[in-house]
Amino acid sequence: MLKNIKAEKLNPSVKAITILIAAILIALQYITLLNIIIFVSSIMILLLFSDAKLKQLISILIPALMAAFGIFLMGLYYAKNNTGITTSLSNFANEPYAVRAALSTNFNSAVALATRLLAYSGLGIFFALTTDGEEFVASLIHQCGMSPKFAYGIIAAVNMLPQMVSENKTVKLAYKIRGIKVSFFSSRVLFTMLVNSIRASESLALAMESKGFTGNKDRTYYSITKIHWYDILFSCALLGGIILGMIFLQ
């Protein structure tokens, strides 16, 4: 039965709240093995129980791994227990015990910080690749009591992002035709985009009102998200596993 349940079917609000609590629990511990287990488990669930593509997953993991490596290097040399003493790895065995102890402490702290970032990355990638934006907003309405007016405003804003990118290219092209060189963050381009965005938002608001949108909660919905037994199972498995790991792996 579990093989037929995809991660995309999990209730987005339950998923988001569970991952948020898990992130708080991860921040309270420095257990390297637990962080690695969380990261590996997130990737394995994505590969086995979701429609995420391996190529897409790798393209996201590369920046995450690079960031984790950067955190490792920073923690290795600037950890809170650092004595300010640096040494070459080739001469590490010849250094005094105090220097080796300080560097060893820094190494453990650096690994813990790097794997913690990987754990965060695994959970974040899991949520991003298995959650539909509109379904997430719908679940915020039905499970979290968000106002439809605010929720549909979020959907409208997100759907306008591709239009903003196209508008930026159009404005830059218009300035280029006139022989004016502008950068991406030029005030001229941003001001023009702001004016056009205000006009587009007003048109969108009028269109929603003309179709009878009032923002009242007692309205009909095309789809209603619900909480199922596998949502509770997911929350208990993730949070329970982290709590058990914090108890038995420290």
# chains A, B, ... in the order shown; residues from 1 in each chain; ligands from 1
>>> residues_around(residues="Ala157 of chain A", least_positions_apart="5", cutoff="12 Å", atoms="only C-alpha atoms", output="ChimeraX atom specification")
/A:133-134,150-152,162-164,197-198,200-201,204-205
>>> write_last_selection(atoms="all heavy atoms", output="CSV table (one decimal), in the first residue's frame")
chain,number,residue,atom,x,y,z
A,133,GLY,N,2.7,24.5,-5.8
A,133,GLY,CA,2.4,25.7,-5.1
A,133,GLY,C,0.9,26.0,-4.9
A,133,GLY,O,0.6,26.5,-3.8
A,134,GLU,N,0.1,25.8,-5.9
A,134,GLU,CA,-1.3,26.1,-5.7
A,134,GLU,C,-2.0,25.1,-4.7
A,134,GLU,O,-2.8,25.5,-3.9
A,134,GLU,CB,-2.0,25.9,-7.1
A,134,GLU,CG,-1.6,27.0,-8.1
A,134,GLU,CD,-2.4,27.0,-9.3
A,134,GLU,OE1,-3.4,26.2,-9.4
A,134,GLU,OE2,-2.0,27.8,-10.3
A,150,PHE,N,-6.0,36.6,0.9
A,150,PHE,CA,-4.6,36.6,1.0
A,150,PHE,C,-4.0,35.5,0.2
A,150,PHE,O,-3.0,35.6,-0.4
A,150,PHE,CB,-4.2,36.6,2.5
A,150,PHE,CG,-2.7,36.7,2.7
A,150,PHE,CD1,-2.0,37.9,2.5
A,150,PHE,CD2,-2.0,35.6,3.1
A,150,PHE,CE1,-0.7,38.0,2.7
A,150,PHE,CE2,-0.6,35.7,3.4
A,150,PHE,CZ,0.0,36.9,3.1
A,151,ALA,N,-4.6,34.3,0.3
A,151,ALA,CA,-4.1,33.1,-0.4
A,151,ALA,C,-4.1,33.3,-1.9
A,151,ALA,O,-3.1,33.0,-2.6
A,151,ALA,CB,-4.9,31.9,0.0
A,152,TYR,N,-5.2,33.7,-2.5
A,152,TYR,CA,-5.3,33.9,-3.9
A,152,TYR,C,-4.4,35.1,-4.3
A,152,TYR,O,-3.9,35.1,-5.5
A,152,TYR,CB,-6.7,34.1,-4.3
A,152,TYR,CG,-7.5,32.9,-4.4
A,152,TYR,CD1,-8.4,32.5,-3.4
A,152,TYR,CD2,-7.4,32.0,-5.4
A,152,TYR,CE1,-9.1,31.4,-3.4
A,152,TYR,CE2,-8.1,30.8,-5.5
A,152,TYR,CZ,-9.0,30.5,-4.5
A,152,TYR,OH,-9.7,29.3,-4.5
A,162,PRO,N,6.8,35.0,-14.0
A,162,PRO,CA,7.3,34.8,-15.4
A,162,PRO,C,7.0,36.1,-16.2
A,162,PRO,O,7.8,36.4,-17.1
A,162,PRO,CB,6.5,33.6,-15.9
A,162,PRO,CG,6.1,32.8,-14.7
A,162,PRO,CD,5.9,33.9,-13.7
A,163,GLN,N,5.9,36.7,-16.0
A,163,GLN,CA,5.6,38.0,-16.7
A,163,GLN,C,6.6,39.1,-16.3
A,163,GLN,O,7.0,39.9,-17.2
A,163,GLN,CB,4.2,38.4,-16.3
A,163,GLN,CG,3.7,39.7,-17.0
A,163,GLN,CD,2.3,40.1,-16.6
A,163,GLN,OE1,1.6,39.4,-16.1
A,163,GLN,NE2,2.0,41.4,-17.0
A,164,MET,N,7.1,39.1,-15.1
A,164,MET,CA,8.1,40.1,-14.7
A,164,MET,C,9.4,39.8,-15.4
A,164,MET,O,10.0,40.8,-15.8
A,164,MET,CB,8.2,40.0,-13.1
A,164,MET,CG,7.0,40.4,-12.3
A,164,MET,SD,6.7,42.1,-12.4
A,164,MET,CE,8.1,42.8,-11.6
A,197,SER,N,4.0,46.7,-13.4
A,197,SER,CA,3.4,45.7,-12.5
A,197,SER,C,2.2,46.2,-11.7
A,197,SER,O,1.3,45.5,-11.5
A,197,SER,CB,4.5,45.3,-11.5
A,197,SER,OG,5.6,44.8,-12.1
A,198,ILE,N,2.2,47.5,-11.4
A,198,ILE,CA,1.1,48.1,-10.7
A,198,ILE,C,-0.1,48.1,-11.6
A,198,ILE,O,-1.3,47.7,-11.2
A,198,ILE,CB,1.4,49.5,-10.3
A,198,ILE,CG1,2.4,49.5,-9.2
A,198,ILE,CG2,0.1,50.2,-9.8
A,198,ILE,CD1,2.9,50.9,-8.7
A,200,ALA,N,-0.6,45.9,-14.1
A,200,ALA,CA,-1.0,44.5,-14.3
A,200,ALA,C,-1.8,44.0,-13.0
A,200,ALA,O,-2.8,43.3,-13.2
A,200,ALA,CB,0.2,43.7,-14.5
A,201,SER,N,-1.3,44.4,-11.9
A,201,SER,CA,-2.0,44.0,-10.6
A,201,SER,C,-3.4,44.6,-10.5
A,201,SER,O,-4.3,43.9,-10.1
A,201,SER,CB,-1.2,44.4,-9.4
A,201,SER,OG,-1.0,45.8,-9.3
A,204,LEU,N,-5.6,42.6,-12.9
A,204,LEU,CA,-5.9,41.3,-12.3
A,204,LEU,C,-6.9,41.4,-11.2
A,204,LEU,O,-7.8,40.6,-11.1
A,204,LEU,CB,-4.6,40.7,-11.8
A,204,LEU,CG,-4.7,39.3,-11.2
A,204,LEU,CD1,-5.2,38.3,-12.2
A,204,LEU,CD2,-3.3,38.9,-10.6
A,205,ALA,N,-6.8,42.4,-10.4
A,205,ALA,CA,-7.8,42.6,-9.3
A,205,ALA,C,-9.2,42.9,-9.9
A,205,ALA,O,-10.2,42.3,-9.4
A,205,ALA,CB,-7.4,43.8,-8.4
>>> residues_around(residues="Ala138 of chain A", least_positions_apart="5", cutoff="8 Å", atoms="only C-alpha atoms", output="PyMOL selection string")
chain A and resi 151+223-225
>>> select_by_dssp(residues="segment 61-211 of chain A", states="alpha helix (DSSP H)", output="PyMOL selection string")
chain A and resi 61-78+97-129+133-142+148-159+161-177+187-210
>>> residues_around(residues="segment 147-149 of chain A", least_positions_apart="5", cutoff="10 Å", atoms="only C-alpha atoms", output="list in words")
Val137, Ala138, Leu140, Ile141, His142, Ile154, Phe213, Thr214, Gly215, Asn216, Lys217, Asp218 and Arg219 of chain A
>>> write_last_selection(atoms="all heavy atoms", output="compact mmCIF listing (two decimals), in the first residue's frame")
# COMPACT_ATOMS: atom_id res chain seq x y z
N VAL A 137 -1.10 26.43 -1.24
CA VAL A 137 -1.93 27.56 -0.85
C VAL A 137 -3.33 27.08 -0.49
O VAL A 137 -3.95 27.56 0.48
CB VAL A 137 -1.98 28.61 -1.97
CG1 VAL A 137 -2.99 29.70 -1.65
CG2 VAL A 137 -0.60 29.22 -2.20
N ALA A 138 -3.86 26.11 -1.26
CA ALA A 138 -5.18 25.56 -0.95
C ALA A 138 -5.20 24.90 0.42
O ALA A 138 -6.17 25.05 1.19
CB ALA A 138 -5.59 24.55 -2.02
N LEU A 140 -3.31 25.73 2.91
CA LEU A 140 -3.25 26.79 3.92
C LEU A 140 -4.64 27.35 4.20
O LEU A 140 -4.95 27.75 5.32
CB LEU A 140 -2.33 27.92 3.43
CG LEU A 140 -0.83 27.60 3.35
CD1 LEU A 140 -0.07 28.78 2.78
CD2 LEU A 140 -0.28 27.23 4.71
N ILE A 141 -5.49 27.35 3.17
CA ILE A 141 -6.86 27.82 3.37
C ILE A 141 -7.66 26.82 4.19
O ILE A 141 -8.32 27.18 5.17
CB ILE A 141 -7.54 28.06 2.00
CG1 ILE A 141 -6.84 29.17 1.24
CG2 ILE A 141 -9.02 28.40 2.20
CD1 ILE A 141 -7.38 29.38 -0.17
N HIS A 142 -7.60 25.54 3.81
CA HIS A 142 -8.48 24.53 4.41
C HIS A 142 -7.95 23.98 5.73
O HIS A 142 -8.74 23.63 6.61
CB HIS A 142 -8.69 23.39 3.42
CG HIS A 142 -9.30 23.82 2.12
ND1 HIS A 142 -10.53 24.43 2.05
CD2 HIS A 142 -8.84 23.75 0.84
CE1 HIS A 142 -10.81 24.70 0.78
NE2 HIS A 142 -9.80 24.32 0.03
N ILE A 154 -1.41 35.50 -3.08
CA ILE A 154 -0.10 34.84 -3.22
C ILE A 154 0.00 34.12 -4.55
O ILE A 154 1.01 34.19 -5.26
CB ILE A 154 0.12 33.86 -2.05
CG1 ILE A 154 0.20 34.62 -0.72
CG2 ILE A 154 1.38 33.04 -2.27
CD1 ILE A 154 0.32 33.71 0.48
N PHE A 213 -15.18 37.19 -7.30
CA PHE A 213 -14.32 36.88 -6.15
C PHE A 213 -14.47 37.96 -5.09
O PHE A 213 -14.28 39.15 -5.37
CB PHE A 213 -12.85 36.78 -6.60
CG PHE A 213 -11.90 36.50 -5.48
CD1 PHE A 213 -11.78 35.23 -4.98
CD2 PHE A 213 -11.13 37.52 -4.92
CE1 PHE A 213 -10.90 34.96 -3.94
CE2 PHE A 213 -10.26 37.26 -3.89
CZ PHE A 213 -10.15 35.97 -3.40
N THR A 214 -14.81 37.55 -3.89
CA THR A 214 -14.99 38.49 -2.78
C THR A 214 -14.03 38.24 -1.62
O THR A 214 -13.87 39.11 -0.76
CB THR A 214 -16.42 38.43 -2.24
OG1 THR A 214 -16.69 37.09 -1.76
CG2 THR A 214 -17.42 38.77 -3.33
N GLY A 215 -13.42 37.07 -1.57
CA GLY A 215 -12.51 36.75 -0.47
C GLY A 215 -13.18 36.16 0.74
O GLY A 215 -12.53 35.93 1.76
N ASN A 216 -14.49 35.90 0.65
CA ASN A 216 -15.20 35.29 1.78
C ASN A 216 -14.84 33.82 1.90
O ASN A 216 -14.60 33.13 0.90
CB ASN A 216 -16.71 35.44 1.60
CG ASN A 216 -17.15 36.91 1.61
OD1 ASN A 216 -16.52 37.73 2.28
ND2 ASN A 216 -18.19 37.22 0.86
N LYS A 217 -14.84 33.32 3.14
CA LYS A 217 -14.49 31.92 3.36
C LYS A 217 -15.62 30.97 3.00
O LYS A 217 -15.38 29.80 2.70
CB LYS A 217 -14.09 31.72 4.84
CG LYS A 217 -12.79 32.40 5.21
CD LYS A 217 -12.38 32.05 6.63
CE LYS A 217 -11.04 32.69 6.97
NZ LYS A 217 -10.59 32.35 8.35
N ASP A 218 -16.87 31.44 3.04
CA ASP A 218 -18.01 30.57 2.74
C ASP A 218 -18.27 30.55 1.22
O ASP A 218 -19.32 30.98 0.73
CB ASP A 218 -19.26 31.04 3.49
CG ASP A 218 -19.56 32.52 3.25
OD1 ASP A 218 -18.65 33.23 2.76
OD2 ASP A 218 -20.69 32.93 3.54
N ARG A 219 -17.31 30.06 0.50
CA ARG A 219 -17.39 29.97 -0.95
C ARG A 219 -17.10 28.55 -1.37
O ARG A 219 -16.64 27.72 -0.58
CB ARG A 219 -16.38 30.92 -1.61
CG ARG A 219 -14.95 30.74 -1.12
CD ARG A 219 -13.95 31.45 -1.98
NE ARG A 219 -13.85 30.83 -3.29
CZ ARG A 219 -13.72 31.52 -4.42
NH1 ARG A 219 -13.69 32.83 -4.39
NH2 ARG A 219 -13.62 30.89 -5.58
>>> atom_distance(atom1="atom CA of Leu117 of chain A", atom2="atom CA of Ala7 of chain A")
22.2 Å
>>> residues_around(residues="Phe72 of chain A", least_positions_apart="2", cutoff="10 Å", atoms="only C-alpha atoms", output="PyMOL selection string")
chain A and resi 66-70+74-79+106-115+117
>>> residues_around(residues="Met246 of chain A", least_positions_apart="4", cutoff="12 Å", atoms="only C-alpha atoms", output="list of chain:residue names")
A:Ala22, A:Leu25, A:Ile26, A:Ala27, A:Leu28, A:Gln29, A:Tyr30, A:Ile31, A:Thr32, A:Leu33, A:Leu34, A:Asn35, A:Ile37, A:Ile38, A:Leu239, A:Gly240, A:Gly241, A:Ile242, A:Gln250
